[in-house]
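So this block is my_file-v7.tsv, TSV, C-alpha atoms:
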chain	number	residue	atom	x	y	z
A	109	MET	CA	-132.96	99.95	147.73
A	110	PHE	CA	-133.55	96.23	147.07
A	111	LYS	CA	-134.86	94.39	150.14
A	112	ILE	CA	-134.60	90.60	150.44
A	113	LEU	CA	-136.32	88.54	153.12
A	114	THR	CA	-135.02	85.11	154.07
A	115	ALA	CA	-137.96	83.45	155.79
A	116	GLU	CA	-136.46	80.03	156.58
A	117	PRO	CA	-133.12	78.81	157.94
A	118	THR	CA	-130.22	79.00	155.47
A	119	HIS	CA	-126.44	78.97	155.74
A	120	LYS	CA	-124.99	82.36	156.71
A	121	ILE	CA	-123.07	82.55	153.44
A	122	LEU	CA	-126.29	83.53	151.67
A	123	GLN	CA	-126.82	86.65	153.78
A	124	GLU	CA	-123.14	87.55	153.76
A	125	SER	CA	-122.87	87.29	149.98
A	126	LEU	CA	-126.01	89.31	149.35
A	127	GLU	CA	-125.03	92.03	151.82
A	128	ASN	CA	-121.57	92.23	150.25
A	129	ALA	CA	-123.37	92.84	146.96
A	130	GLU	CA	-125.18	95.75	148.68
A	131	PHE	CA	-128.62	94.19	148.98
A	132	ILE	CA	-130.65	95.00	152.09
A	133	CYS	CA	-131.25	91.64	153.80
A	134	GLU	CA	-133.45	90.56	156.67
A	135	TYR	CA	-133.21	87.09	158.17
A	136	LEU	CA	-136.46	86.05	159.91
A	137	PRO	CA	-136.46	82.23	159.89
A	138	LYS	CA	-139.17	81.75	162.52
A	139	LEU	CA	-142.02	83.57	160.77
A	140	SER	CA	-145.43	81.98	160.55
A	141	PHE	CA	-147.20	82.04	157.20
A	142	THR	CA	-149.60	84.71	158.46
A	143	GLU	CA	-146.70	86.88	159.59
A	144	LEU	CA	-144.87	86.36	156.31
A	145	LYS	CA	-147.91	87.30	154.27
A	146	SER	CA	-148.47	90.46	156.30
A	147	ILE	CA	-144.98	91.84	155.65
A	148	ILE	CA	-144.18	90.50	152.17
A	149	PRO	CA	-145.43	93.68	150.40
A	150	GLU	CA	-142.31	95.42	151.75
A	151	TYR	CA	-139.83	93.15	149.97
A	152	ASP	CA	-138.34	92.80	146.50
A	153	GLY	CA	-137.02	89.28	147.03
A	154	LEU	CA	-138.05	86.23	149.07
A	155	VAL	CA	-135.93	83.22	150.05
A	156	ILE	CA	-137.67	80.08	151.36
A	157	ARG	CA	-137.04	76.36	151.68
A	158	SER	CA	-140.12	74.09	151.96
A	159	LYS	CA	-142.18	75.38	154.87
A	160	PHE	CA	-144.44	77.75	152.95
A	161	LYS	CA	-146.95	77.24	150.15
A	162	ILE	CA	-146.58	80.18	147.80
A	163	ASP	CA	-149.93	80.33	145.98
A	164	LYS	CA	-151.75	82.88	143.81
A	165	ASP	CA	-153.23	84.72	146.77
A	166	PHE	CA	-149.81	85.13	148.39
A	167	ILE	CA	-148.27	86.25	145.10
A	168	ASP	CA	-150.99	88.86	144.60
A	169	THR	CA	-150.18	90.22	148.06
A	170	ALA	CA	-146.48	90.55	147.23
A	171	LYS	CA	-146.79	93.75	145.20
A	172	LYS	CA	-143.04	94.53	144.99
A	173	LEU	CA	-141.71	91.00	144.65
A	174	LYS	CA	-139.20	90.46	141.84
A	175	PHE	CA	-138.01	86.96	142.72
A	176	ILE	CA	-138.79	83.91	144.83
A	177	ALA	CA	-135.74	81.81	145.63
A	178	ARG	CA	-135.96	78.24	146.84
A	179	ALA	CA	-132.99	77.00	148.85
A	180	GLY	CA	-132.99	73.52	147.35
A	181	ALA	CA	-134.28	71.78	144.26
A	182	GLY	CA	-138.03	71.10	144.19
A	183	MET	CA	-140.38	73.95	143.28
A	184	GLU	CA	-143.71	72.23	143.86
A	185	ASN	CA	-144.62	74.53	146.79
A	186	ILE	CA	-144.46	77.58	144.51
A	187	ASP	CA	-146.98	78.42	141.82
A	188	THR	CA	-144.16	79.18	139.42
A	189	GLY	CA	-146.42	79.67	136.42
A	190	TYR	CA	-148.48	82.36	138.11
A	191	ALA	CA	-145.43	83.99	139.65
A	192	GLU	CA	-143.70	84.25	136.30
A	193	SER	CA	-146.87	85.62	134.69
A	194	LYS	CA	-146.55	88.46	137.22
A	195	GLY	CA	-142.95	89.10	136.27
A	196	ILE	CA	-141.56	87.32	139.35
A	197	LYS	CA	-138.50	85.20	138.63
A	198	CYS	CA	-138.36	81.79	140.33
A	199	ILE	CA	-134.90	80.50	141.29
A	200	ASN	CA	-133.73	77.25	142.86
A	201	SER	CA	-130.35	75.67	143.62
A	202	PRO	CA	-130.30	71.94	142.80
A	203	GLU	CA	-126.57	72.21	142.07
A	204	GLY	CA	-126.02	72.58	145.81
A	205	ASN	CA	-127.22	69.16	146.95
A	206	ARG	CA	-126.76	67.02	143.83
A	207	ASP	CA	-123.65	65.29	145.20
A	208	SER	CA	-125.31	64.51	148.52
A	209	VAL	CA	-128.31	62.98	146.73
A	210	GLY	CA	-126.06	60.93	144.44
A	211	GLU	CA	-124.04	59.56	147.35
A	212	HIS	CA	-127.14	58.81	149.40
A	213	ALA	CA	-128.79	56.88	146.56
A	214	LEU	CA	-125.64	54.82	146.09
A	215	GLY	CA	-125.32	54.23	149.83
A	216	MET	CA	-128.89	52.96	150.11
A	217	LEU	CA	-128.41	50.69	147.12
A	218	LEU	CA	-125.25	49.10	148.50
A	219	THR	CA	-126.87	48.74	151.92
A	220	LEU	CA	-129.82	46.89	150.39
A	221	PHE	CA	-127.75	44.64	148.13
A	222	HIS	CA	-125.26	43.64	150.82
A	223	LYS	CA	-127.84	43.42	153.64
A	224	ILE	CA	-125.79	45.81	155.75
A	225	ASN	CA	-128.83	47.10	157.64
A	226	ILE	CA	-129.96	43.61	158.62
A	227	ALA	CA	-126.51	42.47	159.74
A	228	ASP	CA	-125.98	45.66	161.75
A	229	LYS	CA	-129.25	45.22	163.64
A	230	GLU	CA	-128.47	41.57	164.45
A	231	ILE	CA	-124.98	42.28	165.76
A	232	ARG	CA	-126.43	44.91	168.07
A	233	ARG	CA	-128.74	42.17	169.40
A	234	GLY	CA	-125.77	39.83	169.98
A	235	ILE	CA	-126.35	37.72	166.86
A	236	TRP	CA	-123.28	36.86	164.76
A	237	ASN	CA	-124.88	35.48	161.60
A	238	ARG	CA	-122.55	35.05	158.63
A	239	GLN	CA	-125.13	33.30	156.50
A	240	TYR	CA	-126.33	36.46	154.76
A	241	ILE	CA	-125.30	36.44	151.12
A	242	GLY	CA	-125.03	39.78	149.39
A	243	THR	CA	-125.59	40.67	145.74
A	244	GLU	CA	-123.11	42.67	143.67
A	245	ILE	CA	-124.30	45.56	141.54
A	246	GLN	CA	-121.45	44.88	139.13
A	247	GLY	CA	-122.72	43.97	135.67
A	248	LYS	CA	-126.23	45.26	136.28
A	249	THR	CA	-128.01	47.92	134.25
A	250	ILE	CA	-129.12	50.96	136.21
A	251	GLY	CA	-131.91	52.88	134.50
A	252	ILE	CA	-132.39	56.52	135.45
A	253	ILE	CA	-135.50	58.56	134.69
A	254	GLY	CA	-134.81	62.29	134.76
A	255	TYR	CA	-131.27	63.33	133.88
A	256	GLY	CA	-130.90	66.72	135.52
A	257	ASN	CA	-128.64	67.60	138.42
A	258	MET	CA	-129.67	64.65	140.60
A	259	GLY	CA	-129.82	61.97	137.93
A	260	SER	CA	-126.46	62.96	136.48
A	261	ALA	CA	-124.85	63.12	139.93
A	262	PHE	CA	-126.01	59.56	140.65
A	263	ALA	CA	-124.61	58.37	137.32
A	264	GLN	CA	-121.25	59.98	138.11
A	265	LYS	CA	-121.10	58.29	141.51
A	266	LEU	CA	-121.60	54.91	139.81
A	267	LYS	CA	-118.43	55.33	137.75
A	268	GLY	CA	-116.02	52.58	138.79
A	269	PHE	CA	-118.68	50.07	139.85
A	270	SER	CA	-118.65	48.30	136.46
A	271	VAL	CA	-122.35	48.89	135.88
A	272	ASN	CA	-124.20	49.88	132.72
A	273	VAL	CA	-125.94	53.22	133.28
A	274	ILE	CA	-128.74	54.29	130.94
A	275	ALA	CA	-131.10	57.24	131.26
A	276	TYR	CA	-134.29	58.67	129.79
A	277	ASP	CA	-135.35	62.29	130.05
A	278	LYS	CA	-138.47	63.53	128.27
A	279	TYR	CA	-137.18	67.10	128.15
A	280	LYS	CA	-133.48	66.59	127.51
A	281	THR	CA	-131.49	64.97	124.71
A	282	GLY	CA	-127.90	64.58	123.62
A	283	PHE	CA	-126.51	63.89	127.08
A	284	SER	CA	-124.69	60.60	126.51
A	285	ASP	CA	-121.15	60.73	127.91
A	286	ASP	CA	-118.63	58.65	129.85
A	287	PHE	CA	-121.12	58.18	132.68
A	288	VAL	CA	-124.39	57.39	130.92
A	289	LYS	CA	-126.03	56.32	127.67
A	290	GLU	CA	-129.17	58.18	126.63
A	291	VAL	CA	-131.99	55.77	125.70
A	292	SER	CA	-135.68	55.76	124.85
A	293	LEU	CA	-138.27	54.94	127.48
A	294	LYS	CA	-138.87	51.65	125.65
A	295	THR	CA	-135.21	50.71	126.05
A	296	LEU	CA	-135.26	51.75	129.69
A	297	PHE	CA	-138.15	49.33	130.27
A	298	SER	CA	-136.38	46.47	128.48
A	299	LYS	CA	-132.85	46.77	129.90
A	300	THR	CA	-133.18	48.02	133.49
A	301	ASP	CA	-132.26	45.95	136.55
A	302	ILE	CA	-132.19	48.86	139.02
A	303	PHE	CA	-134.55	51.80	138.42
A	304	SER	CA	-133.72	55.20	139.94
A	305	ILE	CA	-136.20	58.10	139.98
A	306	HIS	CA	-134.90	61.66	139.56
A	307	ILE	CA	-137.87	63.65	138.28
A	308	PRO	CA	-139.53	66.68	139.91
A	309	LEU	CA	-143.08	66.58	141.26
A	310	THR	CA	-145.43	68.27	138.81
A	311	ASP	CA	-148.98	67.71	137.62
A	312	GLU	CA	-147.48	65.54	134.88
A	313	THR	CA	-145.37	63.37	137.20
A	314	HIS	CA	-147.84	62.98	140.10
A	315	PHE	CA	-148.06	59.18	140.56
A	316	LEU	CA	-146.40	58.70	137.19
A	317	ILE	CA	-144.70	55.62	138.62
A	318	ASN	CA	-147.80	53.47	139.12
A	319	ASN	CA	-148.82	49.91	138.37
A	320	GLU	CA	-149.29	50.59	134.66
A	321	PHE	CA	-145.79	52.09	134.47
A	322	LEU	CA	-144.11	49.38	136.55
A	323	LYS	CA	-145.58	46.47	134.61
A	324	LYS	CA	-143.80	47.71	131.46
A	325	PHE	CA	-140.40	46.68	132.86
A	326	GLN	CA	-139.43	43.41	131.22
A	327	LYS	CA	-137.30	42.18	134.12
A	328	PRO	CA	-137.83	42.17	137.88
A	329	ILE	CA	-136.29	45.38	139.19
A	330	TYR	CA	-135.04	47.17	142.26
A	331	ILE	CA	-136.30	50.73	142.68
A	332	ILE	CA	-134.70	53.85	144.18
A	333	ASN	CA	-136.63	57.04	144.94
A	334	THR	CA	-134.72	60.06	146.19
A	335	ALA	CA	-136.93	62.50	144.26
A	336	ARG	CA	-140.43	63.13	145.60
A	337	GLY	CA	-142.77	60.72	147.34
A	338	LYS	CA	-145.81	61.49	145.25
A	339	VAL	CA	-144.22	60.50	141.95
A	340	LEU	CA	-144.39	56.88	143.13
A	341	LYS	CA	-147.74	55.36	144.16
A	342	THR	CA	-147.12	53.40	147.35
A	343	ASP	CA	-149.98	50.93	146.94
A	344	ASP	CA	-148.72	50.00	143.47
A	345	LEU	CA	-145.13	49.71	144.70
A	346	VAL	CA	-146.23	47.23	147.36
A	347	LYS	CA	-148.46	45.35	144.93
A	348	ASN	CA	-145.47	44.79	142.67
A	349	MET	CA	-143.21	43.83	145.56
A	350	LYS	CA	-145.68	41.18	146.62
A	351	SER	CA	-145.85	39.81	143.07
A	352	GLY	CA	-142.06	39.71	142.74
A	353	LYS	CA	-141.93	42.32	140.01
A	354	ILE	CA	-140.02	44.63	142.37
A	355	LEU	CA	-137.26	42.84	144.27
A	356	GLY	CA	-136.46	45.64	146.72
A	357	ALA	CA	-136.74	49.37	147.26
A	358	CYS	CA	-134.61	52.27	148.53
A	359	LEU	CA	-136.91	55.10	149.58
A	360	ASP	CA	-135.74	58.45	150.90
A	361	VAL	CA	-139.15	60.02	150.30
A	362	SER	CA	-142.74	59.06	151.01
A	363	GLU	CA	-146.09	59.67	149.40
A	364	TYR	CA	-147.37	60.52	152.87
A	365	GLU	CA	-144.99	63.37	153.72
A	366	LYS	CA	-146.16	66.81	154.69
A	367	THR	CA	-145.47	69.36	151.97
A	368	SER	CA	-142.77	70.78	154.26
A	369	PHE	CA	-141.20	67.29	154.42
A	370	THR	CA	-141.11	67.49	158.23
A	371	ASP	CA	-143.30	64.48	159.03
A	372	ILE	CA	-145.46	61.71	157.62
A	373	PHE	CA	-148.83	63.30	158.32
A	374	ALA	CA	-151.01	60.73	156.58
A	375	GLY	CA	-150.81	57.04	155.86
A	376	LYS	CA	-149.60	56.09	159.31
A	377	ASN	CA	-152.28	53.44	159.34
A	378	SER	CA	-151.74	52.51	155.70
A	379	ALA	CA	-151.26	48.79	155.16
A	380	SER	CA	-148.86	49.57	152.31
A	381	LEU	CA	-146.69	51.81	154.45
A	382	GLN	CA	-146.60	49.21	157.20
A	383	TYR	CA	-145.58	46.58	154.66
A	384	LEU	CA	-142.62	48.72	153.62
A	385	ILE	CA	-141.64	49.44	157.22
A	386	ASN	CA	-141.68	45.72	158.07
A	387	SER	CA	-139.90	44.50	154.94
A	388	ASP	CA	-136.20	43.63	155.03
A	389	LYS	CA	-136.20	44.27	151.27
A	390	VAL	CA	-136.71	47.99	151.85
A	391	ILE	CA	-134.31	50.74	152.96
A	392	MET	CA	-136.07	53.90	154.19
A	393	THR	CA	-134.70	57.29	155.22
A	394	PRO	CA	-136.63	60.46	156.20
A	395	HIS	CA	-136.04	62.70	153.15
A	396	ILE	CA	-132.40	63.38	154.00
A	397	ALA	CA	-130.65	62.43	150.75
A	398	GLY	CA	-129.87	66.05	149.96
A	399	SER	CA	-128.92	66.97	153.51
A	400	SER	CA	-125.24	67.21	154.39
A	401	GLU	CA	-122.98	69.76	156.00
A	402	ASN	CA	-121.53	70.43	152.56
A	403	SER	CA	-124.85	70.75	150.73
A	404	TYR	CA	-126.30	73.18	153.30
A	405	LYS	CA	-123.51	75.63	152.51
A	406	LYS	CA	-123.39	74.92	148.75
A	407	ILE	CA	-127.16	75.43	148.34
A	408	ALA	CA	-126.90	78.88	149.94
A	409	GLY	CA	-123.82	79.78	147.92
A	410	VAL	CA	-125.36	78.78	144.60
A	411	LEU	CA	-128.55	80.68	145.43
A	412	ALA	CA	-126.60	83.83	146.30
A	413	GLU	CA	-124.69	83.65	143.02
A	414	LYS	CA	-127.91	83.35	141.01
A	415	ILE	CA	-129.62	86.22	142.84
A	416	ILE	CA	-126.62	88.48	142.39
A	417	HIS	CA	-126.29	87.52	138.72
A	418	ASN	CA	-129.95	88.27	137.98
A	419	PHE	CA	-130.48	91.29	140.20
A	420	LYS	CA	-127.06	92.83	140.76
A	421	LEU	CA	-127.22	96.47	141.74
A	422	GLN	CA	-125.64	99.05	139.46
Give the structure from the file, written as structure tokens.
Amino acid sequence: MFKILTAEPTHKILQESLENAEFICEYLPKLSFTELKSIIPEYDGLVIRSKFKIDKDFIDTAKKLKFIARAGAGMENIDTGYAESKGIKCINSPEGNRDSVGEHALGMLLTLFHKINIADKEIRRGIWNRQYIGTEIQGKTIGIIGYGNMGSAFAQKLKGFSVNVIAYDKYKTGFSDDFVKEVSLKTLFSKTDIFSIHIPLTDETHFLINNEFLKKFQKPIYIINTARGKVLKTDDLVKNMKSGKILGACLDVSEYEKTSFTDIFAGKNSASLQYLINSDKVIMTPHIAGSSENSYKKIAGVLAEKIIHNFKLQ
């Protein structure tokens, strides 16, 4: 008997697929962390999203656990190294929301360049102002850092816009194709007009995009962040916007988010955050790039396939 607990809301296809594969499944999406910790010793598998912090103490409590599955991409809430040292497999499903993230990044970019957000607000106030002049992305070089599921999806969405897409990935090589040209970090700094972040949050990438990093770009740039808020230092972003080094920003994530991504719990009085909120050179959304009706189902489906593949019952 292999018991799996889903402790946060997921599409019903996950439970249905696992039960069809003869796993014993329990769906308890309203558990508190204390409640989850008290019952986890009973289970062989755990499915979460972003609500819970799975640390060493929790892992030591989960005596039977064979896998932790994250419905989504980022794994920063799970101590994956410690889990794997205990023989617990860590699984995620970035394939499920890659298209949503790619579309959202492109949508924010076009909104910023063509001042759609500003014009929309003015029309709603009764102002018909045709003096706004947009900027075309055609002919520009879009530099991507991190060429996994999200970075590659964004590159694919750009096909047909007559842009030059280049990408750097520290841990991946040989990925040049019809959508992108693989380049060195040095080339990324020299050629980029629009910089898009697609790296996970780790100890290595925490505030990787800071003033020292940004000043290496040879041209003024626009910046897109649909990855994680804490890979980009907000104070340094604003500093470079004020100097003209950064011409505009599309931000789906914030340095100040709760780890569950449900709210901005800190920084509400931050001068830098207020600058971004008040700037018409900034597009902001509340960490929803990967959220769509399609991705909600695809994330669950991909996760079910991986669990069944790795732990299928004989």
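Nearest-residue note for A:Asp371: choosing from A:Lys174, A:Val410, A:Lys159, A:Tyr255, the minimum distance belongs to A:Lys159, counting all atoms listed in the file.
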Using only C-alpha atoms for the distances, tell me which of A:Leu359, A:Lys420, A:Ile391, A:Ala181 is nearest to A:His222.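 Looking at the shortest contact to A:His222, the residue is A:Ile391.
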Work out how far apart atom CA of A:Gly153 and atom CA of A:Phe175 are and give it in Å to one decimal.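 Value for the atom CA of A:Gly153-atom CA of A:Phe175 distance: 5.0 Å.
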Separation of atom CA of A:Tyr276 from atom CA of A:Ser292, in Å and rounded to one decimal: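 Spanning atom CA of A:Tyr276 to atom CA of A:Ser292 is a straight-line distance of 5.9 Å.
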Using all atoms listed in the file, can you tell me which of A:Tyr364, A:Phe287, A:Phe141, A:Phe325 comes closest to A:Ser158? A:Phe141
Identify the residues within 12 Å of coordinate (-119.0, 89.7, 147.4) (same frame as the file), considering all atoms listed in the file, and give the answer as a PyMOL selection string. chain A and resi 121-131+409+412-413+416-417+420
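When all atoms listed in the file are used to measure the gap to A:Arg336, the shortest distance among A:Gln264, A:Ser298, A:Thr367, A:Thr142 belongs to A:Thr367.
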Spatial neighbours of A:Ala227, 12 Å, all atoms listed in the file, chain gap at least 2 places, as a ChimeraX atom specification: /A:219-225,229-242,388
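Distance annotation: of A:Ile385, A:Leu113, A:Cys358, A:Ala408, the residue with the minimal separation from A:Thr334 is A:Cys358; atom set is only C-alpha atoms.
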Atom CA of A:Lys405 and atom CA of A:Ile147, how far apart in Å?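 Atom CA of A:Ile147 sits 27.1 Å away from atom CA of A:Lys405.
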Name the closest residue to A:Lys197 among the candidates A:Ile176, A:Leu154, A:Leu139, A:Val361; distances are taken between atoms, counting all atoms listed in the file.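 Nearest to A:Lys197: A:Ile176.
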For a cutoff of 7 Å around the file-coordinate point (-146.1, 86.0, 151.0), which residues qualify once you count only C-alpha atoms? I'd like the result as an NGL selection string. :A and (144-145 or 148 or 162 or 166-167 or 169-170)
With a distance cut-off of 12 Å and only C-alpha atoms, select the neighbouring residues of A:Thr300, excluding the residue or stretch itself and same-chain residues fewer than 4 positions from it, and output the selection as number ranges by chain. A: 247-253, 271-276, 291-296, 304, 322, 324-331, 354
